[in-house]
Every structure is written in C-alpha cells, then in structure tokens.
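Asker: For reference, the file entry_17.pdb (PDB, C-alpha atoms) is included below:
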ATOM      1  CA  MET T   1      -9.516 -20.658  19.775
ATOM      2  CA  SER T   2      -6.473 -22.780  19.065
ATOM      3  CA  ARG T   3      -5.475 -25.357  21.606
ATOM      4  CA  ARG T   4      -1.818 -25.073  20.693
ATOM      5  CA  PRO T   5       0.366 -22.881  22.875
ATOM      6  CA  GLU T   6       0.899 -19.377  21.505
ATOM      7  CA  SER T   7       4.546 -20.169  20.721
ATOM      8  CA  GLU T   8       3.531 -22.993  18.334
ATOM      9  CA  ARG T   9       0.831 -21.163  16.402
ATOM     10  CA  SER T  10       1.637 -19.734  13.018
ATOM     11  CA  ASP T  11       1.381 -15.973  12.584
ATOM     12  CA  TRP T  12       0.218 -16.543   9.010
ATOM     13  CA  THR T  13      -3.125 -17.994  10.039
ATOM     14  CA  ASP T  14      -4.256 -14.758  11.697
ATOM     15  CA  LEU T  15      -3.203 -12.334   8.987
ATOM     16  CA  ASP T  16      -5.034 -11.124   5.919
ATOM     17  CA  LEU T  17      -2.216 -11.284   3.387
ATOM     18  CA  LEU T  18      -2.181  -9.587   0.003
ATOM     19  CA  THR T  19      -0.434 -10.841  -3.064
ATOM     20  CA  ARG T  20       1.924  -8.410  -4.747
ATOM     21  CA  GLU T  21      -0.588  -8.020  -7.560
ATOM     22  CA  GLU T  22      -3.378  -7.125  -5.128
ATOM     23  CA  ALA T  23      -1.141  -4.671  -3.309
ATOM     24  CA  HIS T  24      -0.068  -3.111  -6.612
ATOM     25  CA  GLY T  25      -3.700  -2.737  -7.670
ATOM     26  CA  ARG T  26      -4.604  -1.055  -4.396
ATOM     27  CA  LEU T  27      -1.666   1.311  -4.733
ATOM     28  CA  LEU T  28      -2.743   2.254  -8.262
ATOM     29  CA  ALA T  29      -6.274   2.953  -7.006
ATOM     30  CA  GLU T  30      -4.910   5.130  -4.197
ATOM     31  CA  ILE T  31      -2.683   6.979  -6.676
ATOM     32  CA  ALA T  32      -5.704   7.724  -8.862
ATOM     33  CA  GLU T  33      -7.715   8.976  -5.869
ATOM     34  CA  THR T  34      -4.837  11.159  -4.715
ATOM     35  CA  ASP T  35      -4.451  12.629  -8.222
ATOM     36  CA  VAL T  36      -8.145  13.585  -8.172
ATOM     37  CA  ARG T  37      -7.818  15.181  -4.728
ATOM     38  CA  LEU T  38      -4.794  17.174  -5.893
ATOM     39  CA  ALA T  39      -6.672  18.426  -8.939
ATOM     40  CA  GLU T  40      -9.518  19.655  -6.728
ATOM     41  CA  LEU T  41      -7.298  21.797  -4.495
ATOM     42  CA  GLY T  42      -7.293  25.538  -4.887
ATOM     43  CA  ALA T  43      -4.421  27.990  -4.755
ATOM     44  CA  SER T  44      -4.947  28.567  -1.033
ATOM     45  CA  ASP T  45      -4.432  24.880  -0.193
ATOM     46  CA  GLY T  46      -0.635  24.923  -0.382
ATOM     47  CA  ALA T  47       0.045  22.917   2.767
ATOM     48  CA  GLU T  48      -2.408  20.177   1.843
ATOM     49  CA  ARG T  49      -1.071  20.146  -1.726
ATOM     50  CA  GLU T  50       2.459  19.600  -0.434
ATOM     51  CA  LEU T  51       1.342  16.734   1.813
ATOM     52  CA  LEU T  52      -0.573  15.069  -1.005
ATOM     53  CA  GLN T  53       2.350  15.448  -3.406
ATOM     54  CA  THR T  54       4.641  13.805  -0.866
ATOM     55  CA  ARG T  55       2.127  10.995  -0.401
ATOM     56  CA  LEU T  56       1.765  10.598  -4.145
ATOM     57  CA  ARG T  57       5.529  10.264  -4.614
ATOM     58  CA  ALA T  58       5.655   7.582  -1.904
ATOM     59  CA  LEU T  59       2.704   5.687  -3.396
ATOM     60  CA  ARG T  60       4.242   5.765  -6.875
ATOM     61  CA  GLU T  61       7.591   4.578  -5.535
ATOM     62  CA  ALA T  62       5.940   1.700  -3.671
ATOM     63  CA  ALA T  63       3.962   0.706  -6.774
ATOM     64  CA  GLU T  64       7.111   0.833  -8.890
ATOM     65  CA  ASP T  65       9.006  -1.300  -6.367
ATOM     66  CA  LEU T  66       6.266  -3.934  -6.496
ATOM     67  CA  SER T  67       6.251  -3.827 -10.278
ATOM     68  CA  ASP T  68      10.041  -4.141 -10.460
ATOM     69  CA  HIS T  69      10.007  -7.039  -8.015
ATOM     70  CA  ALA T  70       7.416  -8.869 -10.110
ATOM     71  CA  LYS T  71       9.606  -8.490 -13.216
ATOM     72  CA  GLU T  72      12.536 -10.112 -11.388
ATOM     73  CA  GLU T  73      10.563 -13.250 -10.562
TER
END
Using structure tokens, write down the structure from this file.

Answerer:
Amino acid sequence: MSRRPESERSDWTDLDLLTREEAHGRLLAEIAETDVRLAELGASDGAERELLQTRLRALREAAEDLSDHAKEE
C-alpha cells in the first residue's frame, strides 16, 4: 500500500500496459481465432455469423490503425 495520498499516486503504476506491438500481435491472434470460428459455422448460424463478421471488421480496423500509427513514428 502506498503511503502517498491517492491524488499524488500515478495511475501508471497500477496498470498493465501493452506496447503497440503487443496489442497488434494480440489483435492478429484474435483475428485468426475469429476466422476459424467463422469457418466452422453452418448455414443455420446466420445471426452468429453476422456478429462474428462485425467483430472481425472491427478487429481488422483496430489492427490496421495500430500498424498505420507505427509507420508514422
């Protein structure tokens, strides 16, 4: 327990922070897992397929944003 008052403690010390590279790697892994799940769905799984496709688009966009940001640095 820190003896400093709450207002003087850094938020950074209590957080598990990822680098952009680590976050990008985790996104790529999640994209791969989601692709596999999509491939396993049958014709009767339309609602789940739609949800996974939406998730996949969001994951790919987030990964691309991280990649683009890294290129700018």

Asker: What is the distance, in Å and to one decimal place, between CA of Arg49 (chain T) and CA of Arg26 (chain T)?

Answerer: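 Taking CA of Arg49 (chain T) and CA of Arg26 (chain T), their separation equals 21.7 Å.
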
Asker: Expand the PyMOL selection byres ((chain T and resi 30-47) around 12) into the explicit residue set it covers here, and present it as a PDB file with C-alpha atoms, in the frame of the given file.

Answerer:
ATOM      1  CA  ALA T  23      -1.141  -4.671  -3.309  1.00  0.00           C
ATOM      2  CA  HIS T  24      -0.068  -3.111  -6.612  1.00  0.00           C
ATOM      3  CA  GLY T  25      -3.700  -2.737  -7.670  1.00  0.00           C
ATOM      4  CA  ARG T  26      -4.604  -1.055  -4.396  1.00  0.00           C
ATOM      5  CA  LEU T  27      -1.666   1.311  -4.733  1.00  0.00           C
ATOM      6  CA  LEU T  28      -2.743   2.254  -8.262  1.00  0.00           C
ATOM      7  CA  ALA T  29      -6.274   2.953  -7.006  1.00  0.00           C
ATOM      8  CA  GLU T  48      -2.408  20.177   1.843  1.00  0.00           C
ATOM      9  CA  ARG T  49      -1.071  20.146  -1.726  1.00  0.00           C
ATOM     10  CA  GLU T  50       2.459  19.600  -0.434  1.00  0.00           C
ATOM     11  CA  LEU T  51       1.342  16.734   1.813  1.00  0.00           C
ATOM     12  CA  LEU T  52      -0.573  15.069  -1.005  1.00  0.00           C
ATOM     13  CA  GLN T  53       2.350  15.448  -3.406  1.00  0.00           C
ATOM     14  CA  THR T  54       4.641  13.805  -0.866  1.00  0.00           C
ATOM     15  CA  ARG T  55       2.127  10.995  -0.401  1.00  0.00           C
ATOM     16  CA  LEU T  56       1.765  10.598  -4.145  1.00  0.00           C
ATOM     17  CA  ARG T  57       5.529  10.264  -4.614  1.00  0.00           C
ATOM     18  CA  ALA T  58       5.655   7.582  -1.904  1.00  0.00           C
ATOM     19  CA  LEU T  59       2.704   5.687  -3.396  1.00  0.00           C
ATOM     20  CA  ARG T  60       4.242   5.765  -6.875  1.00  0.00           C
ATOM     21  CA  GLU T  61       7.591   4.578  -5.535  1.00  0.00           C
ATOM     22  CA  ALA T  62       5.940   1.700  -3.671  1.00  0.00           C
ATOM     23  CA  ALA T  63       3.962   0.706  -6.774  1.00  0.00           C
ATOM     24  CA  GLU T  64       7.111   0.833  -8.890  1.00  0.00           C
TER      25      GLU T  64
END

Asker: With 8 Å added on each side, what axis-aligned box encloses every listed atom of region 29-37 of chain T? Give the centre and edge lengths in Å to one decimal, as lines of an AutoDock Vina configuration file.

Answerer:
center_x = -5.4
center_y = 9.1
center_z = -6.5
size_x = 21.5
size_y = 28.2
size_z = 20.7
